[in-house]
Amino acid sequence: MNAQRLDKWLWAVRVFRTRSLASDACRAGSVSVNAQPAKPSRDVRAGEMITVRQGLVLRTLRVVAVPRSRMGPKLVGEYCCDLTPPEEWEKARAQRVQQFLAREKGSGRPTKRDRRLLDRLLE
């Protein structure tokens, strides 16, 4: 096997939790292969570059090989190389912290427990 459907490859290397989520992302235009928008049925071969928009993060993956089926997380490195810059992951981490720190208007002052959680998070 030297080629596989894009949605199946994204699912097999654990970029998406389900194959239908991978297909939906392809249809929405969040996935491109070699800087070209890609349909879920497009064949993927070794050496191609895949970019996937997942929330704020723009992941860049290089296809190393095509797996027969979905594999465990430890084996993913044999089939793809993650070239995502650290700045992309930092954007997602900052957004997560920002959401946690945001409080609803009118909810009052943070309680002692809230304060301790915030202090632990910011350490």
# chains A, B, ... in the order shown; residues from 1 in each chain; ligands from 1
call {"tool": "select_by_dssp", "arguments": {"residues": "chain A", "states": "helix (DSSP H, G or I)", "output": "count of residues only"}}
result
50
call {"tool": "closest_atom_pairs", "arguments": {"of": "region 62-119 of chain A", "to": "region 39-56 of chain A", "cutoff": "12 Å", "atoms": "only C-alpha atoms", "output": "Markdown table"}}
result
| residue | atom | partner | partner_atom | distance |
| --- | --- | --- | --- | --- |
| A:Arg62 | CA | A:Met49 | CA | 4.6 |
| A:Val63 | CA | A:Ala46 | CA | 4.9 |
| A:Val64 | CA | A:Ala46 | CA | 5.0 |
| A:Ala65 | CA | A:Ala46 | CA | 5.1 |
| A:Val66 | CA | A:Ala46 | CA | 6.9 |
| A:Pro67 | CA | A:Ala46 | CA | 10.6 |
| A:Glu78 | CA | A:Ala46 | CA | 11.5 |
| A:Tyr79 | CA | A:Ala46 | CA | 8.7 |
| A:Cys80 | CA | A:Ala46 | CA | 8.9 |
| A:Cys81 | CA | A:Met49 | CA | 9.5 |
| A:Asp82 | CA | A:Ile50 | CA | 9.7 |
| A:Leu83 | CA | A:Met49 | CA | 9.4 |
| A:Thr84 | CA | A:Thr51 | CA | 9.0 |
| A:Pro85 | CA | A:Thr51 | CA | 12.0 |
| A:Glu87 | CA | A:Leu56 | CA | 10.9 |
| A:Glu88 | CA | A:Leu56 | CA | 7.6 |
| A:Trp89 | CA | A:Leu56 | CA | 8.6 |
| A:Glu90 | CA | A:Leu56 | CA | 9.9 |
| A:Lys91 | CA | A:Leu56 | CA | 6.9 |
| A:Ala92 | CA | A:Leu56 | CA | 6.0 |
| A:Arg93 | CA | A:Leu56 | CA | 9.7 |
| A:Ala94 | CA | A:Leu56 | CA | 10.3 |
| A:Gln95 | CA | A:Leu56 | CA | 8.4 |
| A:Arg96 | CA | A:Leu56 | CA | 10.5 |
call {"tool": "closest_residue", "arguments": {"among": "A:Val76, A:Arg68, A:Arg113, A:Leu122", "to": "Ala3 (chain A)", "atoms": "only C-alpha atoms"}}
result
A:Arg68
call {"tool": "residues_around", "arguments": {"residues": "Asp24 (chain A)", "least_positions_apart": "4", "cutoff": "10 Å", "atoms": "only C-alpha atoms", "output": "number ranges by chain"}}
result
A: 7, 19-20, 28-31, 39-40
call {"tool": "atom_distance", "arguments": {"atom1": "CA of Ala25 (chain A)", "atom2": "CA of Ala38 (chain A)"}}
result
9.8 Å
